[in-house]
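As stored in entry_18.pdb (PDB, C-alpha atoms and all ligand atoms):
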ATOM      1  CA  MET H   1      46.415  16.469  36.206
ATOM      2  CA  ASP H   2      48.116  15.570  39.465
ATOM      3  CA  ARG H   3      45.057  13.553  40.464
ATOM      4  CA  TYR H   4      46.060  10.830  38.001
ATOM      5  CA  ARG H   5      49.748  10.711  38.890
ATOM      6  CA  ILE H   6      50.968   7.952  41.195
ATOM      7  CA  GLU H   7      53.101   9.370  43.962
ATOM      8  CA  PRO H   8      56.269   7.328  44.483
ATOM      9  CA  GLY H   9      55.809   4.664  47.124
ATOM     10  CA  THR H  10      52.010   4.446  46.834
ATOM     11  CA  LEU H  11      50.495   0.986  46.986
ATOM     12  CA  VAL H  12      48.069   1.008  44.057
ATOM     13  CA  ASP H  13      44.729  -0.804  44.143
ATOM     14  CA  LEU H  14      43.219  -0.517  40.669
ATOM     15  CA  THR H  15      39.713  -1.386  41.859
ATOM     16  CA  ARG H  16      39.765   2.081  43.401
ATOM     17  CA  TRP H  17      40.499   3.779  40.097
ATOM     18  CA  ASP H  18      37.355   4.353  38.043
ATOM     19  CA  PRO H  19      37.985   3.727  34.320
ATOM     20  CA  ALA H  20      34.928   5.876  33.539
ATOM     21  CA  ASP H  21      35.978   8.786  35.736
ATOM     22  CA  GLN H  22      35.566  12.274  34.296
ATOM     23  CA  SER H  23      36.140  14.340  37.373
ATOM     24  CA  ALA H  24      38.646  16.667  35.712
ATOM     25  CA  LEU H  25      35.935  17.902  33.397
ATOM     26  CA  GLU H  26      34.925  21.365  34.510
ATOM     27  CA  ASP H  27      32.386  21.989  31.770
ATOM     28  CA  ASP H  28      30.246  20.053  29.345
ATOM     29  CA  LYS H  29      31.526  17.697  26.698
ATOM     30  CA  LYS H  30      31.218  20.279  23.956
ATOM     31  CA  THR H  31      33.573  22.621  25.776
ATOM     32  CA  ALA H  32      35.906  19.696  26.342
ATOM     33  CA  ARG H  33      36.055  19.026  22.622
ATOM     34  CA  ARG H  34      36.959  22.630  22.002
ATOM     35  CA  GLU H  35      39.639  22.436  24.671
ATOM     36  CA  LEU H  36      40.978  19.270  23.095
ATOM     37  CA  LYS H  37      41.348  21.031  19.768
ATOM     38  CA  ALA H  38      43.223  23.890  21.387
ATOM     39  CA  LEU H  39      45.465  21.479  23.283
ATOM     40  CA  ASN H  40      46.201  19.604  20.088
ATOM     41  CA  LYS H  41      47.343  22.818  18.447
ATOM     42  CA  ARG H  42      49.412  23.747  21.479
ATOM     43  CA  LEU H  43      51.077  20.338  21.473
ATOM     44  CA  GLU H  44      51.985  20.845  17.814
ATOM     45  CA  GLU H  45      53.636  24.170  18.675
ATOM     46  CA  LEU H  46      55.474  22.740  21.660
ATOM     47  CA  GLN H  47      56.761  19.790  19.662
ATOM     48  CA  GLU H  48      58.035  22.152  16.968
ATOM     49  CA  LEU H  49      59.776  24.185  19.652
ATOM     50  CA  LEU H  50      61.264  21.030  21.174
ATOM     51  CA  TYR H  51      62.589  20.028  17.760
ATOM     52  CA  ALA H  52      63.920  23.515  16.992
ATOM     53  CA  GLU H  53      65.679  23.856  20.315
ATOM     54  CA  GLY H  54      67.116  20.353  20.042
ATOM     55  CA  LYS H  55      67.861  20.088  23.734
ATOM     56  CA  HIS H  56      65.290  18.014  25.562
ATOM     57  CA  LYS H  57      64.328  14.415  24.942
ATOM     58  CA  ILE H  58      60.814  13.158  25.639
ATOM     59  CA  LEU H  59      59.856   9.555  26.282
ATOM     60  CA  ILE H  60      56.202   8.564  26.494
ATOM     61  CA  VAL H  61      55.422   5.014  27.573
ATOM     62  CA  LEU H  62      51.980   3.599  26.754
ATOM     63  CA  GLN H  63      50.735   0.443  28.405
ATOM     64  CA  ALA H  64      47.236  -1.012  28.462
ATOM     65  CA  MET H  65      45.252  -4.198  28.159
ATOM     66  CA  ASP H  66      44.336  -5.249  24.599
ATOM     67  CA  SER H  67      41.968  -2.723  23.010
ATOM     68  CA  GLY H  68      42.871  -0.270  25.769
ATOM     69  CA  GLY H  69      43.408   2.500  23.225
ATOM     70  CA  LYS H  70      47.152   2.745  22.675
ATOM     71  CA  ASP H  71      46.778   3.105  18.917
ATOM     72  CA  GLY H  72      43.907   5.573  19.181
ATOM     73  CA  THR H  73      45.888   7.683  21.628
ATOM     74  CA  ILE H  74      48.843   7.860  19.279
ATOM     75  CA  ARG H  75      46.597   8.747  16.334
ATOM     76  CA  HIS H  76      44.557  11.419  18.067
ATOM     77  CA  VAL H  77      46.832  13.026  20.621
ATOM     78  CA  PHE H  78      49.771  13.383  18.244
ATOM     79  CA  ASP H  79      47.668  14.289  15.239
ATOM     80  CA  GLY H  80      49.345  17.190  13.441
ATOM     81  CA  THR H  81      52.757  16.877  15.073
ATOM     82  CA  ASN H  82      55.780  16.681  12.819
ATOM     83  CA  PRO H  83      56.702  13.061  11.992
ATOM     84  CA  GLN H  84      60.343  14.119  11.723
ATOM     85  CA  GLY H  85      60.510  14.694  15.441
ATOM     86  CA  VAL H  86      58.085  12.081  16.750
ATOM     87  CA  LYS H  87      58.826   8.400  16.458
ATOM     88  CA  VAL H  88      56.775   5.463  17.598
ATOM     89  CA  ALA H  89      58.346   2.189  18.675
ATOM     90  CA  SER H  90      56.015  -0.803  19.041
ATOM     91  CA  PHE H  91      57.236  -3.718  21.093
ATOM     92  CA  LYS H  92      55.864  -7.092  20.092
ATOM     93  CA  LYS H  93      56.881 -10.590  21.087
ATOM     94  CA  PRO H  94      60.687 -10.575  21.106
ATOM     95  CA  THR H  95      62.472 -12.028  18.084
ATOM     96  CA  ASP H  96      65.121 -14.715  18.512
ATOM     97  CA  GLU H  97      67.829 -12.097  18.386
ATOM     98  CA  GLU H  98      66.086  -9.944  20.980
ATOM     99  CA  ARG H  99      65.512 -12.939  23.221
ATOM    100  CA  ALA H 100      69.221 -13.723  23.056
ATOM    101  CA  HIS H 101      69.942 -10.389  24.780
ATOM    102  CA  ASP H 102      68.914  -8.774  28.026
ATOM    103  CA  TYR H 103      65.361  -7.404  27.944
ATOM    104  CA  LEU H 104      66.419  -3.752  27.847
ATOM    105  CA  TRP H 105      68.630  -4.233  24.808
ATOM    106  CA  ARG H 106      65.886  -3.805  22.243
ATOM    107  CA  VAL H 107      64.372  -0.904  24.150
ATOM    108  CA  HIS H 108      67.374   1.326  24.655
ATOM    109  CA  ARG H 109      68.020   2.001  20.982
ATOM    110  CA  HIS H 110      64.526   3.428  20.588
ATOM    111  CA  THR H 111      64.871   6.025  23.352
ATOM    112  CA  PRO H 112      64.635   9.625  22.094
ATOM    113  CA  GLY H 113      67.554  11.737  20.963
ATOM    114  CA  SER H 114      67.805  15.480  21.573
ATOM    115  CA  GLY H 115      64.780  17.339  20.260
ATOM    116  CA  GLU H 116      62.841  14.121  19.761
ATOM    117  CA  VAL H 117      59.705  12.575  21.168
ATOM    118  CA  ALA H 118      59.667   8.782  21.360
ATOM    119  CA  ILE H 119      56.391   7.008  22.003
ATOM    120  CA  PHE H 120      56.607   3.448  23.240
ATOM    121  CA  ASN H 121      53.583   1.392  22.201
ATOM    122  CA  ARG H 122      54.135  -1.305  24.839
ATOM    123  CA  SER H 123      57.601  -1.255  26.311
ATOM    124  CA  HIS H 124      60.082  -2.871  28.686
ATOM    125  CA  TYR H 125      57.131  -3.152  31.074
ATOM    126  CA  GLU H 126      55.943  -6.178  29.088
ATOM    127  CA  ASP H 127      58.844  -7.942  30.765
ATOM    128  CA  VAL H 128      57.069  -7.647  34.108
ATOM    129  CA  LEU H 129      53.514  -7.908  32.704
ATOM    130  CA  VAL H 130      52.959 -10.610  30.077
ATOM    131  CA  VAL H 131      56.167 -12.284  31.214
ATOM    132  CA  ARG H 132      54.970 -12.399  34.815
ATOM    133  CA  VAL H 133      51.413 -13.467  34.004
ATOM    134  CA  HIS H 134      52.589 -16.289  31.749
ATOM    135  CA  ASN H 135      55.557 -17.358  33.861
ATOM    136  CA  LEU H 136      57.856 -16.871  30.886
ATOM    137  CA  VAL H 137      60.710 -16.578  33.366
ATOM    138  CA  PRO H 138      60.743 -17.660  37.043
ATOM    139  CA  PRO H 139      59.564 -15.158  39.692
ATOM    140  CA  GLU H 140      63.059 -14.543  41.054
ATOM    141  CA  ILE H 141      64.009 -13.228  37.630
ATOM    142  CA  TRP H 142      61.055 -10.932  36.919
ATOM    143  CA  ASN H 143      61.095  -9.761  40.525
ATOM    144  CA  ARG H 144      64.507  -8.183  40.085
ATOM    145  CA  ARG H 145      63.404  -6.277  37.041
ATOM    146  CA  TYR H 146      61.501  -3.501  38.825
ATOM    147  CA  ASP H 147      64.796  -2.297  40.270
ATOM    148  CA  HIS H 148      66.559  -2.587  36.913
ATOM    149  CA  ILE H 149      63.796  -0.603  35.256
ATOM    150  CA  ASN H 150      63.907   2.142  37.873
ATOM    151  CA  ALA H 151      67.675   2.396  37.510
ATOM    152  CA  PHE H 152      67.448   2.423  33.704
ATOM    153  CA  GLU H 153      64.842   5.171  33.699
ATOM    154  CA  GLN H 154      66.776   7.172  36.296
ATOM    155  CA  MET H 155      69.799   6.998  34.015
ATOM    156  CA  LEU H 156      67.751   8.237  31.061
ATOM    157  CA  ALA H 157      66.401  11.080  33.178
ATOM    158  CA  ASP H 158      69.886  11.994  34.456
ATOM    159  CA  GLU H 159      71.010  12.198  30.865
ATOM    160  CA  GLY H 160      68.264  14.651  29.952
ATOM    161  CA  THR H 161      65.171  12.601  29.158
ATOM    162  CA  THR H 162      61.755  13.636  30.425
ATOM    163  CA  ILE H 163      59.685  10.507  30.965
ATOM    164  CA  VAL H 164      55.900  10.243  31.117
ATOM    165  CA  LYS H 165      54.310   6.840  31.611
ATOM    166  CA  LEU H 166      50.644   6.331  30.835
ATOM    167  CA  TYR H 167      48.583   3.328  31.845
ATOM    168  CA  LEU H 168      45.285   3.415  29.957
ATOM    169  CA  HIS H 169      42.774   2.013  32.392
ATOM    170  CA  ILE H 170      39.665   0.376  30.877
ATOM    171  CA  SER H 171      37.121  -1.869  32.553
ATOM    172  CA  LYS H 172      36.660  -5.515  31.672
ATOM    173  CA  ASP H 173      33.170  -4.717  30.311
ATOM    174  CA  GLU H 174      34.552  -1.987  28.102
ATOM    175  CA  GLN H 175      37.122  -4.404  26.737
ATOM    176  CA  LYS H 176      34.340  -6.848  25.904
ATOM    177  CA  GLU H 177      32.522  -4.196  23.899
ATOM    178  CA  ARG H 178      35.635  -3.191  22.040
ATOM    179  CA  LEU H 179      36.633  -6.743  21.187
ATOM    180  CA  GLN H 180      33.061  -7.443  20.077
ATOM    181  CA  ALA H 181      33.190  -4.375  17.817
ATOM    182  CA  ARG H 182      36.356  -5.700  16.242
ATOM    183  CA  LEU H 183      34.500  -8.917  15.453
ATOM    184  CA  ASP H 184      31.357  -7.233  14.171
ATOM    185  CA  VAL H 185      32.779  -4.477  12.004
ATOM    186  CA  PRO H 186      34.430  -5.902   8.869
ATOM    187  CA  HIS H 187      37.097  -3.225   8.569
ATOM    188  CA  LYS H 188      38.046  -3.735  12.215
ATOM    189  CA  GLN H 189      38.398  -7.497  11.993
ATOM    190  CA  TRP H 190      42.080  -7.254  11.103
ATOM    191  CA  LYS H 191      42.634  -6.031  14.657
ATOM    192  CA  PHE H 192      40.978  -9.041  16.230
ATOM    193  CA  ALA H 193      43.367 -11.666  17.519
ATOM    194  CA  LYS H 194      41.984 -14.843  19.042
ATOM    195  CA  GLY H 195      44.913 -14.713  21.434
ATOM    196  CA  ASP H 196      43.424 -11.563  22.968
ATOM    197  CA  LEU H 197      40.649 -13.747  24.423
ATOM    198  CA  ALA H 198      43.174 -15.927  26.227
ATOM    199  CA  GLU H 199      44.717 -12.779  27.724
ATOM    200  CA  ARG H 200      41.271 -11.555  28.703
ATOM    201  CA  GLU H 201      40.744 -14.723  30.713
ATOM    202  CA  ARG H 202      43.723 -13.695  32.804
ATOM    203  CA  TRP H 203      42.318 -10.232  33.458
ATOM    204  CA  ASP H 204      42.719 -10.426  37.243
ATOM    205  CA  GLU H 205      46.314 -11.592  36.994
ATOM    206  CA  TYR H 206      47.062  -8.721  34.642
ATOM    207  CA  MET H 207      45.497  -6.235  37.050
ATOM    208  CA  GLU H 208      47.732  -7.599  39.784
ATOM    209  CA  ALA H 209      50.769  -7.271  37.529
ATOM    210  CA  PHE H 210      49.798  -3.701  36.614
ATOM    211  CA  GLU H 211      49.320  -2.845  40.279
ATOM    212  CA  ALA H 212      52.839  -4.052  41.001
ATOM    213  CA  VAL H 213      54.199  -1.964  38.125
ATOM    214  CA  LEU H 214      52.369   1.162  39.265
ATOM    215  CA  SER H 215      53.329   0.628  42.920
ATOM    216  CA  LYS H 216      56.997  -0.135  42.343
ATOM    217  CA  THR H 217      58.022   1.930  39.342
ATOM    218  CA  SER H 218      56.362   5.310  39.696
ATOM    219  CA  THR H 219      59.315   7.531  40.556
ATOM    220  CA  ALA H 220      59.988  11.261  40.612
ATOM    221  CA  ALA H 221      62.099  10.841  37.477
ATOM    222  CA  ALA H 222      59.566   8.682  35.659
ATOM    223  CA  PRO H 223      56.041   8.952  37.064
ATOM    224  CA  TRP H 224      53.099   6.763  36.088
ATOM    225  CA  TYR H 225      49.675   8.209  35.370
ATOM    226  CA  VAL H 226      46.513   6.093  35.524
ATOM    227  CA  ILE H 227      44.351   7.413  32.697
ATOM    228  CA  PRO H 228      40.606   6.738  32.864
ATOM    229  CA  ALA H 229      40.207   5.333  29.362
ATOM    230  CA  ASN H 230      36.676   3.960  28.991
ATOM    231  CA  ARG H 231      35.719   7.177  27.221
ATOM    232  CA  LYS H 232      38.073   7.898  24.410
ATOM    233  CA  TRP H 233      37.538  11.658  24.289
ATOM    234  CA  TYR H 234      38.196  11.963  28.022
ATOM    235  CA  ARG H 235      41.316   9.816  27.737
ATOM    236  CA  ASN H 236      42.588  12.069  24.952
ATOM    237  CA  LEU H 237      41.781  15.178  26.948
ATOM    238  CA  VAL H 238      43.616  14.026  30.062
ATOM    239  CA  ILE H 239      46.664  12.844  28.120
ATOM    240  CA  SER H 240      46.815  16.035  26.080
ATOM    241  CA  ARG H 241      46.685  18.102  29.250
ATOM    242  CA  ILE H 242      49.456  16.057  30.848
ATOM    243  CA  LEU H 243      51.718  16.366  27.818
ATOM    244  CA  VAL H 244      51.125  20.081  27.309
ATOM    245  CA  GLU H 245      51.781  20.692  31.010
ATOM    246  CA  THR H 246      54.946  18.601  30.904
ATOM    247  CA  LEU H 247      56.341  20.340  27.839
ATOM    248  CA  GLU H 248      55.442  23.799  29.098
ATOM    249  CA  ASN H 249      57.377  23.111  32.280
ATOM    250  CA  LEU H 250      60.558  22.607  30.273
ATOM    251  CA  ASP H 251      60.903  26.338  29.608
ATOM    252  CA  MET H 252      62.030  25.925  26.011
ATOM    253  CA  HIS H 253      63.194  28.676  23.697
ATOM    254  CA  TYR H 254      63.739  28.943  19.982
ATOM    255  CA  PRO H 255      67.454  29.083  19.215
ATOM    256  CA  ASN H 256      68.941  32.483  18.459
ATOM    257  CA  PRO H 257      69.298  33.234  14.766
ATOM    258  CA  GLU H 258      72.773  32.769  13.295
ATOM    259  CA  GLU H 259      73.502  36.470  13.142
ATOM    260  CA  ASP H 260      71.702  39.765  12.968
ATOM    261  CA  LEU H 261      69.255  39.007  10.196
ATOM    262  CA  GLU H 262      67.892  42.524   9.885
ATOM    263  CA  GLY H 263      70.142  43.553   7.052
ATOM    264  CA  VAL H 264      69.735  40.364   5.062
ATOM    265  CA  VAL H 265      68.310  40.969   1.613
ATOM    266  CA  ILE H 266      67.175  38.085  -0.519
ATOM    267  CA  THR H 267      67.655  38.822  -4.176
TER     268      THR H 267
HETATM  269  P1  LIG I   1      46.983  -4.093  18.690
HETATM  270  O1  LIG I   1      46.348  -3.115  19.618
HETATM  271  O2  LIG I   1      46.979  -3.620  17.276
HETATM  272  O3  LIG I   1      46.489  -5.492  18.856
HETATM  273  P2  LIG I   1      49.334  -4.885  20.094
HETATM  274  O4  LIG I   1      50.284  -3.972  20.787
HETATM  275  O5  LIG I   1      48.404  -5.677  20.949
HETATM  276  O6  LIG I   1      48.542  -4.054  19.058
HETATM  277  P3  LIG I   1      50.053  -7.355  18.941
HETATM  278  O7  LIG I   1      50.971  -7.733  17.851
HETATM  279  O8  LIG I   1      48.616  -7.733  18.861
HETATM  280  O9  LIG I   1      50.196  -5.812  19.164
HETATM  281  O10 LIG I   1      50.581  -7.938  20.311
HETATM  282  C1  LIG I   1      51.877  -7.830  20.721
HETATM  283  C2  LIG I   1      52.056  -8.927  21.719
HETATM  284  O11 LIG I   1      53.430  -9.027  22.051
HETATM  285  C3  LIG I   1      51.300  -8.685  23.004
HETATM  286  O12 LIG I   1      50.519  -9.789  23.326
HETATM  287  C4  LIG I   1      52.409  -8.484  24.028
HETATM  288  O13 LIG I   1      52.058  -8.925  25.305
HETATM  289  C5  LIG I   1      53.520  -9.303  23.407
HETATM  290  N1  LIG I   1      54.828  -8.891  23.928
HETATM  291  C6  LIG I   1      55.384  -7.669  23.919
HETATM  292  N2  LIG I   1      56.562  -7.673  24.558
HETATM  293  C7  LIG I   1      56.765  -8.923  24.994
HETATM  294  C8  LIG I   1      57.796  -9.554  25.724
HETATM  295  N3  LIG I   1      58.844  -8.878  26.152
HETATM  296  N4  LIG I   1      57.677 -10.865  25.979
HETATM  297  C9  LIG I   1      56.588 -11.545  25.571
HETATM  298  N5  LIG I   1      55.588 -11.015  24.876
HETATM  299  C10 LIG I   1      55.656  -9.721  24.586
HETATM  300 MG    MG I   2      46.926  -7.042  20.097
END
Would you mind writing the structure in this file as structure tokens?
Amino acid sequence: MDRYRIEPGTLVDLTRWDPADQSALEDDKKTARRELKALNKRLEELQELLYAEGKHKILIVLQAMDSGGKDGTIRHVFDGTNPQGVKVASFKKPTDEERAHDYLWRVHRHTPGSGEVAIFNRSHYEDVLVVRVHNLVPPEIWNRRYDHINAFEQMLADEGTTIVKLYLHISKDEQKERLQARLDVPHKQWKFAKGDLAERERWDEYMEAFEAVLSKTSTAAAPWYVIPANRKWYRNLVISRILVETLENLDMHYPNPEEDLEGVVIT
């Protein structure tokens, strides 16, 4: 899945990344669905092993435009994993207390402990995305944050965290369809927020802000992946492959049993 990883120091132009790409698909869609099922099972096993070994910490950062598929990714890719070892943290508009602190304060406490997977549904990157697009702080302040973020993530990595950052890339047309579906389908209406339309109007500014994020904060310790996300099944396939690959590279082992269990008799 290297084709979707941003090499550190690359200047990213998102118009050159096709949200409908499916070039990593070797076979037909039916085969892909079968592969996805197998990957899902493998991810379950690897997460159990991660939890049992209790050594590594995994942080997955999800960022996207509204309706980009963050929720769907969490539901489908992590389907079947053990909720004891996987926690999701969703970052909304900061509360008064959060706003009274530095922007990493609310984030740090949700980072994973040993044996855990933490999924960030939005993240500290909002502080250089929505904050930048809406001028919530002056440029000299958000401009410094890329360096802070890189240093923060490097620290997490030095302390044993494996970080995977996923930008779900959809097209503006695809977003229109998805927002329209939220309007049209009664049981989806709860997801529709009029405010999403105001954000949509700033699409180009968001793309610029995402390009800056991808260009400045993809590091060896915490790489970004641009996930083609117009097609949900392909998005899930690519993300599942990335996560399975990442976990397999950790070379994990089940802990040794307490003692020689051969002679143990349960009466
Ligand atoms: P859904 O897909 O269900 O709509 P969501 O992640 O969009 O989920 P919302 O409650 O709709 O959740 O939106 C959260 C909002 O909070 C987003 O508009 C996001 O930009 C905003 N937000 C998150 N972090 C910050 C921040 N640090 N400063 C300002 N706004 C933020
Ligand atoms: Mg929303």
Inset, instruction - Anything within 10 Å of (64.5, 15.9, 23.7): list those residues as a list in words, counting all atoms listed in the file and sticking to the file's coordinates. - result: Gln47, Leu50, Tyr51, Glu53, Gly54, Lys55, His56, Lys57, Ile58, Leu59, Gly85, Thr111, Pro112, Gly113, Ser114, Gly115, Glu116, Val117, Ala118, Gly160, Thr161 and Thr162 of chain H
Contact table range 56-162 of chain H vs range 166-179 of chain H, cut-off 8 Å, shortest pair per residue, all atoms listed in the file, as JSON lines:
{"residue": "H:Ile60", "atom": "CA", "partner": "H:Leu166", "partner_atom": "CA", "distance": 7.4}
{"residue": "H:Val61", "atom": "CA", "partner": "H:Leu166", "partner_atom": "CA", "distance": 5.9}
{"residue": "H:Leu62", "atom": "CA", "partner": "H:Leu166", "partner_atom": "CA", "distance": 5.1}
{"residue": "H:Gln63", "atom": "CA", "partner": "H:Tyr167", "partner_atom": "CA", "distance": 5.0}
{"residue": "H:Ala64", "atom": "CA", "partner": "H:Leu168", "partner_atom": "CA", "distance": 5.1}
{"residue": "H:Met65", "atom": "CA", "partner": "H:Ile170", "partner_atom": "CA", "distance": 7.7}
{"residue": "H:Asp66", "atom": "CA", "partner": "H:Gln175", "partner_atom": "CA", "distance": 7.6}
{"residue": "H:Ser67", "atom": "CA", "partner": "H:Gln175", "partner_atom": "CA", "distance": 6.3}
{"residue": "H:Gly68", "atom": "CA", "partner": "H:Ile170", "partner_atom": "CA", "distance": 6.1}
{"residue": "H:Gly69", "atom": "CA", "partner": "H:Leu168", "partner_atom": "CA", "distance": 7.0}
{"residue": "H:Lys70", "atom": "CA", "partner": "H:Leu168", "partner_atom": "CA", "distance": 7.5}
Inset, instruction - Let me have all residues with an atom within 7 Å of ligand LIG 1 (chain I), counting all atoms listed in the file, laid out as a ChimeraX atom specification. - result: /H:66-67,70-71,90-94,103,121-124,126-127,130-131,191,193
Return as a PDB file with C-alpha atoms, keeping the file's coordinate frame the set of residues that the PyMOL selection byres (((chain H and resi 220-224) around 7) and not hetatm) yields on the displayed structure.
ATOM      1  CA  ARG H   5      49.748  10.711  38.890  1.00  0.00           C
ATOM      2  CA  ILE H   6      50.968   7.952  41.195  1.00  0.00           C
ATOM      3  CA  PRO H   8      56.269   7.328  44.483  1.00  0.00           C
ATOM      4  CA  GLU H 153      64.842   5.171  33.699  1.00  0.00           C
ATOM      5  CA  GLN H 154      66.776   7.172  36.296  1.00  0.00           C
ATOM      6  CA  ALA H 157      66.401  11.080  33.178  1.00  0.00           C
ATOM      7  CA  ILE H 163      59.685  10.507  30.965  1.00  0.00           C
ATOM      8  CA  VAL H 164      55.900  10.243  31.117  1.00  0.00           C
ATOM      9  CA  LYS H 165      54.310   6.840  31.611  1.00  0.00           C
ATOM     10  CA  LEU H 166      50.644   6.331  30.835  1.00  0.00           C
ATOM     11  CA  LEU H 214      52.369   1.162  39.265  1.00  0.00           C
ATOM     12  CA  SER H 218      56.362   5.310  39.696  1.00  0.00           C
ATOM     13  CA  THR H 219      59.315   7.531  40.556  1.00  0.00           C
ATOM     14  CA  TYR H 225      49.675   8.209  35.370  1.00  0.00           C
ATOM     15  CA  VAL H 226      46.513   6.093  35.524  1.00  0.00           C
TER      16      VAL H 226
END
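Shortest atom-to-atom contact with Arg34 in chain H among H:Pro257, H:Leu237, H:Asn249, H:Glu262: H:Leu237, counting all atoms listed in the file.
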Inset, instruction - Do a neighbour search on Lys37 in chain H at 12 Å with all atoms listed in the file, toss out local chain neighbours closer than 6 positions, and write the hits as a count of residues only. - result: 14
Inset, instruction - Can you work out which one of H:Glu211, H:Phe152, H:Ala229, H:Arg132 has the shortest atom-to-atom distance to Gly72 in chain H, counting all atoms listed in the file? - result: H:Ala229
Inset, instruction - Name the closest residue to ligand MG 2 (chain I) among the candidates H:Gly195, H:Pro186, H:Gly9, H:Pro255; distances are taken between atoms, counting all atoms listed in the file. - result: H:Gly195
Inset, instruction - Find the residue from H:Leu156, H:His110, H:Asp102, H:Met252 that sits nearest to Ile141 in chain H; use all atoms listed in the file when measuring. - result: H:Asp102
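Distance check against ligand MG 2 (chain I) using all atoms listed in the file: of H:Trp203, H:Phe210, H:Phe192, H:Tyr254, the minimum falls on H:Phe192.
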Please define a box with edges along x, y and z of the file around all atoms of range 102-119 of chain H given in the file, extend it by 4 Å on each side, and return its centre and edge lengths in Å to one decimal, as AutoDock Vina command-line options.
--center_x 62.7 --center_y 4.3 --center_z 23.9 --size_x 20.5 --size_y 34.1 --size_z 16.3
Legend entry - Nearest candidate to ligand MG 2 (chain I) (options H:Val265, H:Met207, H:Leu250, H:Leu197; using all atoms listed in the file): H:Leu197
Inset, instruction - Enumerate, as an NGL selection string, the residues matched when the PyMOL selection byres (((chain H and resi 25) around 12) and not hetatm) is run on the file above. - result: :H and (1 or 21-24 or 26-33 or 35-36 or 233-235 or 237-238 or 241)
Inset, instruction - Find the distance between CA of Val12 in chain H and CA of Ser215 in chain H and write it in Å to one decimal. - result: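 Going from CA of Val12 in chain H over to CA of Ser215 in chain H covers 5.4 Å.
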Inset, instruction - Provide the CA of Asn143 in chain H to CA of Val128 in chain H distance in Å, to one decimal place. - result: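 Taking CA of Asn143 in chain H and CA of Val128 in chain H, their separation equals 7.9 Å.
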Legend entry - Distance in Å - CA of Thr15 in chain H versus CA of Arg200 in chain H: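 Straight-line distance from CA of Thr15 in chain H to CA of Arg200 in chain H works out to 16.7 Å.
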